[in-house]
file final.cif (mmCIF, C-alpha atoms and all ligand atoms)
data_model
#
loop_
_atom_site.label_atom_id
_atom_site.label_comp_id
_atom_site.auth_asym_id
_atom_site.auth_seq_id
_atom_site.Cartn_x
_atom_site.Cartn_y
_atom_site.Cartn_z
CA MET A 1 158.11 149.01 145.17
CA ALA A 2 160.28 150.22 148.10
CA GLN A 3 163.78 148.80 148.40
CA LYS A 4 164.39 145.96 150.81
CA THR A 5 166.82 148.21 152.65
CA THR A 6 163.97 150.42 153.84
CA ARG A 7 162.56 147.48 155.80
CA THR A 8 164.21 146.74 159.15
CA PRO A 9 165.25 143.09 159.21
CA MET A 10 163.91 140.84 161.96
CA VAL A 11 165.18 137.63 163.47
CA ALA A 12 162.56 136.05 165.73
CA GLY A 13 163.05 132.94 167.83
CA ASN A 14 160.04 130.70 168.46
CA TRP A 15 160.91 128.58 171.48
CA LYS A 16 157.68 126.56 171.17
CA MET A 17 156.98 124.31 174.21
CA ASN A 18 160.61 124.23 175.31
CA LEU A 19 162.45 125.62 178.36
CA ASP A 20 160.96 126.28 181.78
CA HIS A 21 161.41 129.74 183.27
CA VAL A 22 164.78 128.91 184.82
CA GLU A 23 166.12 127.55 181.53
CA ALA A 24 164.64 130.57 179.77
CA ILE A 25 166.61 132.91 182.04
CA HIS A 26 169.80 131.03 181.22
CA LEU A 27 169.18 131.23 177.49
CA ILE A 28 168.33 134.91 177.45
CA GLN A 29 171.41 135.73 179.54
CA ALA A 30 173.65 133.67 177.27
CA LEU A 31 172.11 135.34 174.23
CA ALA A 32 172.62 138.80 175.72
CA LEU A 33 176.27 138.04 176.43
CA ARG A 34 176.79 136.71 172.93
CA LEU A 35 175.00 139.67 171.31
CA ARG A 36 177.29 142.17 173.01
CA SER A 37 179.91 141.43 170.38
CA THR A 38 177.39 141.50 167.53
CA GLU A 39 176.34 144.47 165.44
CA SER A 40 172.64 143.82 165.90
CA SER A 41 171.40 147.30 166.69
CA GLN A 42 169.64 147.70 163.35
CA ILE A 43 167.97 144.31 163.51
CA ASP A 44 164.78 143.56 165.41
CA VAL A 45 165.69 140.60 167.56
CA VAL A 46 162.66 138.93 169.14
CA VAL A 47 162.15 135.90 171.36
CA HIS A 48 158.84 134.08 171.75
CA PRO A 49 159.10 132.02 174.95
CA PRO A 50 156.28 129.90 176.40
CA PHE A 51 153.70 131.89 178.43
CA THR A 52 155.14 130.66 181.74
CA ASP A 53 158.53 132.19 180.92
CA LEU A 54 157.36 135.63 179.84
CA ARG A 55 157.55 137.30 183.26
CA SER A 56 161.10 136.03 183.90
CA VAL A 57 162.35 136.96 180.43
CA GLU A 58 160.66 140.36 180.65
CA GLY A 59 162.49 140.97 183.93
CA ILE A 60 165.92 140.22 182.45
CA ILE A 61 165.32 142.24 179.28
CA GLY A 62 164.10 145.21 181.32
CA ALA A 63 166.74 145.08 184.04
CA ASP A 64 169.62 144.94 181.58
CA SER A 65 167.98 147.05 178.81
CA LEU A 66 168.72 144.25 176.36
CA PRO A 67 168.19 144.90 172.64
CA ILE A 68 165.72 142.03 172.50
CA ARG A 69 161.98 142.34 172.07
CA LEU A 70 159.48 140.07 173.72
CA GLY A 71 156.94 138.06 171.76
CA ALA A 72 154.28 135.46 172.52
CA GLN A 73 153.52 132.35 170.50
CA HIS A 74 149.75 132.66 170.48
CA CYS A 75 146.84 134.36 172.22
CA SER A 76 143.07 134.33 172.36
CA ASP A 77 140.96 136.50 170.10
CA LEU A 78 138.76 137.22 173.13
CA GLU A 79 139.23 139.83 175.83
CA SER A 80 138.41 137.91 179.02
CA GLY A 81 135.97 135.46 180.51
CA ALA A 82 135.29 131.76 180.90
CA PHE A 83 137.78 130.46 178.35
CA THR A 84 139.87 127.95 180.28
CA GLY A 85 143.49 127.82 179.24
CA GLU A 86 143.43 130.93 177.12
CA VAL A 87 145.55 134.09 177.46
CA SER A 88 144.39 137.51 176.29
CA VAL A 89 146.20 140.25 174.42
CA GLY A 90 145.76 142.54 177.43
CA MET A 91 147.54 140.05 179.70
CA LEU A 92 150.45 139.84 177.26
CA SER A 93 150.61 143.58 176.89
CA ARG A 94 150.96 143.98 180.69
CA LEU A 95 154.06 141.77 180.47
CA SER A 96 155.68 144.04 177.87
CA VAL A 97 154.98 141.60 175.07
CA GLU A 98 155.15 143.52 171.81
CA LEU A 99 154.60 140.85 169.17
CA VAL A 100 152.43 137.75 168.85
CA LEU A 101 152.74 134.87 166.40
CA VAL A 102 149.35 134.34 164.81
CA GLY A 103 148.34 131.16 163.00
CA HIS A 104 151.57 129.21 163.32
CA SER A 105 151.11 125.98 161.38
CA GLU A 106 151.29 123.98 164.61
CA ARG A 107 148.29 125.94 165.92
CA ARG A 108 146.49 125.35 162.63
CA GLN A 109 147.40 121.63 162.43
CA PHE A 110 147.17 120.48 166.04
CA PHE A 111 144.73 122.93 167.62
CA GLY A 112 142.25 123.46 164.81
CA MET A 113 143.02 127.13 164.22
CA THR A 114 140.99 128.12 161.17
CA ASP A 115 141.65 130.94 158.74
CA GLU A 116 138.74 132.80 160.37
CA LEU A 117 140.31 132.43 163.83
CA VAL A 118 143.65 133.58 162.44
CA ALA A 119 141.91 136.74 161.20
CA SER A 120 140.06 137.41 164.45
CA THR A 121 143.22 136.78 166.49
CA ALA A 122 145.20 139.17 164.30
CA SER A 123 142.42 141.70 164.81
CA ALA A 124 142.61 141.25 168.60
CA VAL A 125 146.41 141.58 168.62
CA LEU A 126 146.33 144.75 166.55
CA GLY A 127 143.38 146.15 168.50
CA GLY A 128 145.45 145.72 171.67
CA GLY A 129 148.27 147.77 170.17
CA LEU A 130 150.61 144.83 169.58
CA THR A 131 152.27 143.59 166.41
CA ALA A 132 151.11 140.41 164.66
CA ILE A 133 153.45 138.02 162.87
CA ILE A 134 150.99 136.07 160.74
CA CYS A 135 152.26 132.65 159.66
CA VAL A 136 151.29 131.13 156.33
CA GLY A 137 152.62 128.21 154.35
CA GLU A 138 151.71 125.12 152.37
CA SER A 139 151.91 121.45 153.31
CA ALA A 140 154.09 118.91 151.49
CA GLU A 141 151.01 117.55 149.69
CA GLN A 142 149.90 120.98 148.57
CA ARG A 143 153.39 121.69 147.33
CA ALA A 144 153.54 118.39 145.43
CA ASP A 145 150.17 119.24 143.85
CA GLY A 146 151.49 122.61 142.67
CA GLU A 147 149.14 124.50 145.01
CA THR A 148 151.68 126.65 146.86
CA THR A 149 150.66 130.02 145.45
CA THR A 150 146.94 129.22 145.67
CA VAL A 151 147.30 128.28 149.33
CA LEU A 152 149.35 131.38 150.11
CA THR A 153 146.90 133.66 148.31
CA HIS A 154 144.00 132.22 150.27
CA GLN A 155 145.75 132.36 153.65
CA VAL A 156 147.01 135.91 153.16
CA GLU A 157 143.64 137.18 151.93
CA MET A 158 141.83 135.54 154.83
CA ALA A 159 144.31 136.90 157.39
CA LEU A 160 144.12 140.42 155.99
CA ALA A 161 140.41 140.39 156.75
CA GLY A 162 141.50 140.81 160.38
CA VAL A 163 143.82 143.73 159.65
CA ALA A 164 142.07 147.08 159.91
CA SER A 165 143.03 149.76 157.46
CA GLY A 166 145.84 151.77 159.05
CA ALA A 167 147.12 148.89 161.19
CA GLU A 168 149.27 147.33 158.45
CA ASP A 169 152.47 148.81 159.85
CA ARG A 170 152.08 146.46 162.83
CA VAL A 171 151.76 143.35 160.67
CA LEU A 172 154.42 141.01 159.38
CA PHE A 173 153.89 137.80 157.44
CA ALA A 174 156.09 134.75 157.92
CA TYR A 175 156.30 132.28 155.05
CA GLU A 176 156.68 128.95 156.78
CA PRO A 177 156.29 125.94 154.49
CA ILE A 178 155.03 123.15 156.75
CA TRP A 179 157.32 120.61 155.11
CA ALA A 180 160.35 122.66 156.17
CA ILE A 181 159.42 123.20 159.82
CA GLY A 182 161.59 121.12 162.12
CA THR A 183 162.59 118.76 159.31
CA GLY A 184 166.11 120.00 158.62
CA VAL A 185 165.06 120.60 155.00
CA ALA A 186 164.77 124.34 154.43
CA ALA A 187 163.27 125.90 151.33
CA THR A 188 165.93 126.95 148.86
CA GLU A 189 166.54 130.66 148.73
CA VAL A 190 164.93 130.66 145.28
CA ASP A 191 161.74 129.02 146.57
CA ALA A 192 161.68 131.28 149.64
CA GLN A 193 162.06 134.35 147.44
CA MET A 194 159.30 133.22 145.06
CA ALA A 195 156.89 132.58 147.93
CA CYS A 196 157.69 135.83 149.75
CA ALA A 197 157.38 137.82 146.52
CA HIS A 198 154.02 136.18 145.91
CA ILE A 199 152.83 137.07 149.42
CA ARG A 200 153.92 140.67 148.79
CA SER A 201 151.99 140.74 145.52
CA VAL A 202 148.83 139.51 147.28
CA ILE A 203 149.22 142.26 149.91
CA ALA A 204 149.63 144.82 147.12
CA HIS A 205 146.50 143.51 145.42
CA GLU A 206 144.46 143.52 148.64
CA ARG A 207 145.81 146.84 149.97
CA THR A 208 148.27 149.09 148.12
CA GLU A 209 151.73 148.84 146.56
CA ALA A 210 153.01 151.21 149.23
CA ILE A 211 151.73 149.02 152.06
CA ALA A 212 153.11 145.88 150.43
CA SER A 213 156.49 147.43 149.85
CA THR A 214 156.96 148.40 153.49
CA MET A 215 155.53 145.26 155.09
CA ARG A 216 158.14 142.81 156.32
CA ILE A 217 157.98 139.19 155.23
CA LEU A 218 160.02 136.60 157.10
CA TYR A 219 161.03 133.09 156.13
CA GLY A 220 160.80 130.20 158.60
CA GLY A 221 161.51 126.48 158.34
CA SER A 222 164.82 124.83 159.27
CA ALA A 223 166.69 128.11 159.03
CA LYS A 224 170.20 127.66 160.43
CA PRO A 225 173.40 129.72 160.63
CA ASP A 226 174.64 128.23 157.37
CA ASN A 227 171.59 129.11 155.26
CA ALA A 228 170.49 132.33 157.02
CA GLY A 229 172.56 134.64 154.84
CA ASP A 230 171.43 133.09 151.56
CA LEU A 231 167.77 133.24 152.57
CA VAL A 232 167.83 136.83 153.80
CA GLY A 233 170.00 137.84 150.86
CA GLN A 234 166.86 137.55 148.72
CA PRO A 235 165.07 140.79 147.86
CA ASP A 236 161.71 139.89 149.41
CA VAL A 237 162.95 137.99 152.49
CA ASP A 238 163.21 140.49 155.34
CA GLY A 239 164.29 138.19 158.12
CA LEU A 240 163.80 134.83 159.76
CA LEU A 241 161.42 133.07 162.10
CA VAL A 242 163.55 130.44 163.79
CA GLY A 243 162.42 127.42 165.78
CA GLY A 244 165.01 124.82 166.79
CA ALA A 245 168.08 126.94 166.13
CA SER A 246 166.80 129.69 168.45
CA LEU A 247 167.12 127.40 171.49
CA ASP A 248 170.88 127.71 171.40
CA ALA A 249 172.40 131.13 172.06
CA GLU A 250 175.37 130.48 169.82
CA SER A 251 173.40 129.41 166.75
CA PHE A 252 170.75 132.10 167.20
CA ALA A 253 173.41 134.78 167.53
CA ALA A 254 175.23 133.40 164.49
CA MET A 255 172.01 133.78 162.50
CA ILE A 256 171.58 137.36 163.69
CA GLU A 257 175.15 138.01 162.54
CA ALA A 258 174.48 136.41 159.15
CA VAL A 259 171.42 138.62 158.67
CA SER A 260 173.38 141.65 159.82
CA ALA A 261 176.05 140.89 157.23
CA CYS A 262 173.39 140.92 154.47
CA TYR A 263 172.61 144.51 155.36
CA GLY A 264 176.20 145.62 155.68
CA SER A 265 177.95 146.25 158.96
CA PRO A 266 176.70 147.74 161.18
CA ALA A 267 173.34 146.13 160.35
CA GLY A 268 170.93 148.21 158.32
CA LYS A 269 172.03 149.84 155.11
C1 LIG B 1 158.91 127.41 163.41
O1 LIG B 1 158.32 126.55 164.01
O2 LIG B 1 158.45 128.55 163.33
C2 LIG B 1 160.19 127.07 162.78
C3 LIG B 1 160.62 127.85 161.84
O3 LIG B 1 160.82 125.93 163.23
P1 LIG B 1 162.25 125.36 162.76
O4 LIG B 1 163.18 126.52 162.61
O5 LIG B 1 162.66 124.44 163.87
O6 LIG B 1 162.03 124.65 161.47
#
call {"tool": "encode", "arguments": {"input": "final.cif", "output": "structure tokens", "more": "lines below"}}
Ligand code: PEP
result
Amino acid sequence: MAQKTTRTPMVAGNWKMNLDHVEAIHLIQALALRLRSTESSQIDVVVHPPFTDLRSVEGIIGADSLPIRLGAQHCSDLESGAFTGEVSVGMLSRLSVELVLVGHSERRQFFGMTDELVASTASAVLGGGLTAIICVGESAEQRADGETTTVLTHQVEMALAGVASGAEDRVLFAYEPIWAIGTGVAATEVDAQMACAHIRSVIAHERTEAIASTMRILYGGSAKPDNAGDLVGQPDVDGLLVGGASLDAESFAAMIEAVSACYGSPAGK
């Protein structure tokens, strides 16, 4: 199994349905200013604004050559056509979007996204040359019933059905226990490590040890500046997917710094 240090850490901010395009410009500018004093060059920093903000954020990132990558929160698994309200991978790609969250629990819970749709969306994202961050995680009930690993195994196996052989290097998984998202109660670093290690073992079983050992696995769910270092200090946790705390430049930058510190300074060992 490859060392954690061979995997570039990632800190990704999921803005969800927050910030209009003017507010988005303010946040990305504040973040850029704050990151100037941060050793973040060896960390993949990503923001996932709402669709309506992508053009504005793309403009700022491009104009100032900011070390921030652009992500989307969702997309259709279809290319084009009469699908009201949907956005295609091609449209995102034209806006310099590089990464797409696939199967976030809020899409699964509130918009009926099935495991099959997660797989076909991952397939569309990868087919369009973008990177997929596939979200998996158990509910509070499933956790209480001792079903965490069973749920993770199923979700990872189903999602991998949408990942063509050879495209694995553009896939990340994010372990996001539903009970931790937006609740202020993060998984302990021990629980996060166990879940991420399990996800890696499923990838190894479904693909190869080599693929599993190079694939990045993030943790998400009430990650904050004060727990970021402990979470990413775990051997199988390669970064963070951050919701609420990514809406504030100071706290998001502090998390990037905490992750950077885990990898030595400058970031990346
Ligand atoms: C998320 O929704 O991906 C998330 C991790 O949210 P929060 O950090 O607010 O728990």
call {"tool": "atom_distance", "arguments": {"input": "final.cif", "atom1": "CA of Arg216 in chain A", "atom2": "CA of Glu106 in chain A"}}
result
21.7 Å
call {"tool": "residues_near_ligand", "arguments": {"input": "final.cif", "ligand": "ligand LIG 1 (chain B)", "cutoff": "10 Å", "atoms": "only C-alpha atoms and all ligand atoms", "output": "PDB file with C-alpha atoms, in the coordinates of the input"}}
result
ATOM      1  CA  ALA A  12     162.560 136.050 165.730  1.00  0.00           C
ATOM      2  CA  GLY A  13     163.050 132.940 167.830  1.00  0.00           C
ATOM      3  CA  ASN A  14     160.040 130.700 168.460  1.00  0.00           C
ATOM      4  CA  TRP A  15     160.910 128.580 171.480  1.00  0.00           C
ATOM      5  CA  LYS A  16     157.680 126.560 171.170  1.00  0.00           C
ATOM      6  CA  GLN A  73     153.520 132.350 170.500  1.00  0.00           C
ATOM      7  CA  LEU A 101     152.740 134.870 166.400  1.00  0.00           C
ATOM      8  CA  HIS A 104     151.570 129.210 163.320  1.00  0.00           C
ATOM      9  CA  SER A 105     151.110 125.980 161.380  1.00  0.00           C
ATOM     10  CA  GLU A 106     151.290 123.980 164.610  1.00  0.00           C
ATOM     11  CA  CYS A 135     152.260 132.650 159.660  1.00  0.00           C
ATOM     12  CA  ALA A 174     156.090 134.750 157.920  1.00  0.00           C
ATOM     13  CA  TYR A 175     156.300 132.280 155.050  1.00  0.00           C
ATOM     14  CA  GLU A 176     156.680 128.950 156.780  1.00  0.00           C
ATOM     15  CA  PRO A 177     156.290 125.940 154.490  1.00  0.00           C
ATOM     16  CA  ILE A 178     155.030 123.150 156.750  1.00  0.00           C
ATOM     17  CA  TRP A 179     157.320 120.610 155.110  1.00  0.00           C
ATOM     18  CA  ALA A 180     160.350 122.660 156.170  1.00  0.00           C
ATOM     19  CA  ILE A 181     159.420 123.200 159.820  1.00  0.00           C
ATOM     20  CA  GLY A 182     161.590 121.120 162.120  1.00  0.00           C
ATOM     21  CA  THR A 183     162.590 118.760 159.310  1.00  0.00           C
ATOM     22  CA  GLY A 184     166.110 120.000 158.620  1.00  0.00           C
ATOM     23  CA  VAL A 185     165.060 120.600 155.000  1.00  0.00           C
ATOM     24  CA  ALA A 186     164.770 124.340 154.430  1.00  0.00           C
ATOM     25  CA  LEU A 218     160.020 136.600 157.100  1.00  0.00           C
ATOM     26  CA  TYR A 219     161.030 133.090 156.130  1.00  0.00           C
ATOM     27  CA  GLY A 220     160.800 130.200 158.600  1.00  0.00           C
ATOM     28  CA  GLY A 221     161.510 126.480 158.340  1.00  0.00           C
ATOM     29  CA  SER A 222     164.820 124.830 159.270  1.00  0.00           C
ATOM     30  CA  ALA A 223     166.690 128.110 159.030  1.00  0.00           C
ATOM     31  CA  LYS A 224     170.200 127.660 160.430  1.00  0.00           C
ATOM     32  CA  LEU A 240     163.800 134.830 159.760  1.00  0.00           C
ATOM     33  CA  LEU A 241     161.420 133.070 162.100  1.00  0.00           C
ATOM     34  CA  VAL A 242     163.550 130.440 163.790  1.00  0.00           C
ATOM     35  CA  GLY A 243     162.420 127.420 165.780  1.00  0.00           C
ATOM     36  CA  GLY A 244     165.010 124.820 166.790  1.00  0.00           C
ATOM     37  CA  ALA A 245     168.080 126.940 166.130  1.00  0.00           C
ATOM     38  CA  SER A 246     166.800 129.690 168.450  1.00  0.00           C
ATOM     39  CA  LEU A 247     167.120 127.400 171.490  1.00  0.00           C
TER      40      LEU A 247
END
call {"tool": "closest_residue", "arguments": {"input": "final.cif", "among": "A:Ala253, A:Ile199, A:Val151, A:Ala164", "to": "Ala32 in chain A", "atoms": "all atoms listed in the file"}}
result
A:Ala253
call {"tool": "atom_distance", "arguments": {"input": "final.cif", "atom1": "CA of Arg55 in chain A", "atom2": "CA of Met91 in chain A"}}
result
11.0 Å
call {"tool": "atom_distance", "arguments": {"input": "final.cif", "atom1": "CA of Thr5 in chain A", "atom2": "CA of Pro235 in chain A"}}
result
9.0 Å
call {"tool": "residues_around", "arguments": {"input": "final.cif", "residues": "Thr121 in chain A", "least_positions_apart": "2", "cutoff": "10 Å", "atoms": "all atoms listed in the file", "output": "ChimeraX atom specification"}}
result
/A:74-78,88-89,100-103,113,115-119,123-127,132,134,159,162-163
call {"tool": "write_last_selection", "arguments": {"input": "final.cif", "atoms": "C-alpha atoms", "output": "PDB file, in the coordinates of the input"}}
result
ATOM      1  CA  HIS A  74     149.750 132.660 170.480  1.00  0.00           C
ATOM      2  CA  CYS A  75     146.840 134.360 172.220  1.00  0.00           C
ATOM      3  CA  SER A  76     143.070 134.330 172.360  1.00  0.00           C
ATOM      4  CA  ASP A  77     140.960 136.500 170.100  1.00  0.00           C
ATOM      5  CA  LEU A  78     138.760 137.220 173.130  1.00  0.00           C
ATOM      6  CA  SER A  88     144.390 137.510 176.290  1.00  0.00           C
ATOM      7  CA  VAL A  89     146.200 140.250 174.420  1.00  0.00           C
ATOM      8  CA  VAL A 100     152.430 137.750 168.850  1.00  0.00           C
ATOM      9  CA  LEU A 101     152.740 134.870 166.400  1.00  0.00           C
ATOM     10  CA  VAL A 102     149.350 134.340 164.810  1.00  0.00           C
ATOM     11  CA  GLY A 103     148.340 131.160 163.000  1.00  0.00           C
ATOM     12  CA  MET A 113     143.020 127.130 164.220  1.00  0.00           C
ATOM     13  CA  ASP A 115     141.650 130.940 158.740  1.00  0.00           C
ATOM     14  CA  GLU A 116     138.740 132.800 160.370  1.00  0.00           C
ATOM     15  CA  LEU A 117     140.310 132.430 163.830  1.00  0.00           C
ATOM     16  CA  VAL A 118     143.650 133.580 162.440  1.00  0.00           C
ATOM     17  CA  ALA A 119     141.910 136.740 161.200  1.00  0.00           C
ATOM     18  CA  SER A 123     142.420 141.700 164.810  1.00  0.00           C
ATOM     19  CA  ALA A 124     142.610 141.250 168.600  1.00  0.00           C
ATOM     20  CA  VAL A 125     146.410 141.580 168.620  1.00  0.00           C
ATOM     21  CA  LEU A 126     146.330 144.750 166.550  1.00  0.00           C
ATOM     22  CA  GLY A 127     143.380 146.150 168.500  1.00  0.00           C
ATOM     23  CA  ALA A 132     151.110 140.410 164.660  1.00  0.00           C
ATOM     24  CA  ILE A 134     150.990 136.070 160.740  1.00  0.00           C
ATOM     25  CA  ALA A 159     144.310 136.900 157.390  1.00  0.00           C
ATOM     26  CA  GLY A 162     141.500 140.810 160.380  1.00  0.00           C
ATOM     27  CA  VAL A 163     143.820 143.730 159.650  1.00  0.00           C
TER      28      VAL A 163
END
call {"tool": "closest_residue", "arguments": {"input": "final.cif", "among": "A:His48, A:Arg7, A:Leu54, A:Gly59", "to": "Ser213 in chain A", "atoms": "all atoms listed in the file"}}
result
A:Arg7
call {"tool": "axis_aligned_box", "arguments": {"input": "final.cif", "around": "range 11-19 of chain A", "padding_each_side": "3 Å", "output": "AutoDock Vina command-line options"}}
result
--center_x 161.1 --center_y 130.9 --center_z 170.9 --size_x 14.2 --size_y 19.4 --size_z 20.9
call {"tool": "residues_around", "arguments": {"input": "final.cif", "residues": "Ala210 in chain A", "least_positions_apart": "2", "cutoff": "12 Å", "atoms": "all atoms listed in the file", "output": "PyMOL selection string"}}
result
chain A and resi 1-3+6+168-169+200-201+203-208+212-215
call {"tool": "closest_residue", "arguments": {"input": "final.cif", "among": "A:Leu95, A:Val136, A:Ala167, A:Ala192", "to": "Arg108 in chain A", "atoms": "only C-alpha atoms"}}
result
A:Val136
call {"tool": "closest_residue", "arguments": {"input": "final.cif", "among": "A:Met255, A:Glu250, A:Thr52, A:Ala140", "to": "Asp226 in chain A", "atoms": "all atoms listed in the file"}}
result
A:Met255
call {"tool": "residues_around", "arguments": {"input": "final.cif", "residues": "Leu99 in chain A", "least_positions_apart": "3", "cutoff": "6 Å", "atoms": "all atoms listed in the file", "output": "PDB file with C-alpha atoms, in the coordinates of the input"}}
result
ATOM      1  CA  GLY A  71     156.940 138.060 171.760  1.00  0.00           C
ATOM      2  CA  LEU A 130     150.610 144.830 169.580  1.00  0.00           C
ATOM      3  CA  THR A 131     152.270 143.590 166.410  1.00  0.00           C
ATOM      4  CA  ALA A 132     151.110 140.410 164.660  1.00  0.00           C
TER       5      ALA A 132
END
call {"tool": "closest_residue", "arguments": {"input": "final.cif", "among": "A:Ala30, A:Leu66, A:Val232, A:Ile217", "to": "Ile133 in chain A", "atoms": "only C-alpha atoms"}}
result
A:Ile217
call {"tool": "closest_residue", "arguments": {"input": "final.cif", "among": "A:Thr8, A:Asp248, A:Asp230, A:Gln142", "to": "His26 in chain A", "atoms": "only C-alpha atoms"}}
result
A:Asp248
call {"tool": "residues_around", "arguments": {"input": "final.cif", "residues": "Val11 in chain A", "least_positions_apart": "5", "cutoff": "7 Å", "atoms": "all atoms listed in the file", "output": "list in words"}}
result
Asp44, Val45, Val46, Gly239, Leu240, Leu241 and Ile256 of chain A
call {"tool": "write_last_selection", "arguments": {"input": "final.cif", "atoms": "C-alpha atoms", "output": "PDB file, keeping the file's coordinate frame"}}
result
ATOM      1  CA  ASP A  44     164.780 143.560 165.410  1.00  0.00           C
ATOM      2  CA  VAL A  45     165.690 140.600 167.560  1.00  0.00           C
ATOM      3  CA  VAL A  46     162.660 138.930 169.140  1.00  0.00           C
ATOM      4  CA  GLY A 239     164.290 138.190 158.120  1.00  0.00           C
ATOM      5  CA  LEU A 240     163.800 134.830 159.760  1.00  0.00           C
ATOM      6  CA  LEU A 241     161.420 133.070 162.100  1.00  0.00           C
ATOM      7  CA  ILE A 256     171.580 137.360 163.690  1.00  0.00           C
TER       8      ILE A 256
END
call {"tool": "residues_around", "arguments": {"input": "final.cif", "residues": "Ile60 in chain A", "least_positions_apart": "5", "cutoff": "12 Å", "atoms": "all atoms listed in the file", "output": "number ranges by chain"}}
result
A: 21-22, 24-32, 53-55, 65-70, 96
call {"tool": "write_last_selection", "arguments": {"input": "final.cif", "atoms": "C-alpha atoms", "output": "compact mmCIF listing (two decimals), in the coordinates of the input"}}
result
# COMPACT_ATOMS: atom_id res chain seq x y z
CA HIS A 21 161.41 129.74 183.27
CA VAL A 22 164.78 128.91 184.82
CA ALA A 24 164.64 130.57 179.77
CA ILE A 25 166.61 132.91 182.04
CA HIS A 26 169.80 131.03 181.22
CA LEU A 27 169.18 131.23 177.49
CA ILE A 28 168.33 134.91 177.45
CA GLN A 29 171.41 135.73 179.54
CA ALA A 30 173.65 133.67 177.27
CA LEU A 31 172.11 135.34 174.23
CA ALA A 32 172.62 138.80 175.72
CA ASP A 53 158.53 132.19 180.92
CA LEU A 54 157.36 135.63 179.84
CA ARG A 55 157.55 137.30 183.26
CA SER A 65 167.98 147.05 178.81
CA LEU A 66 168.72 144.25 176.36
CA PRO A 67 168.19 144.90 172.64
CA ILE A 68 165.72 142.03 172.50
CA ARG A 69 161.98 142.34 172.07
CA LEU A 70 159.48 140.07 173.72
CA SER A 96 155.68 144.04 177.87
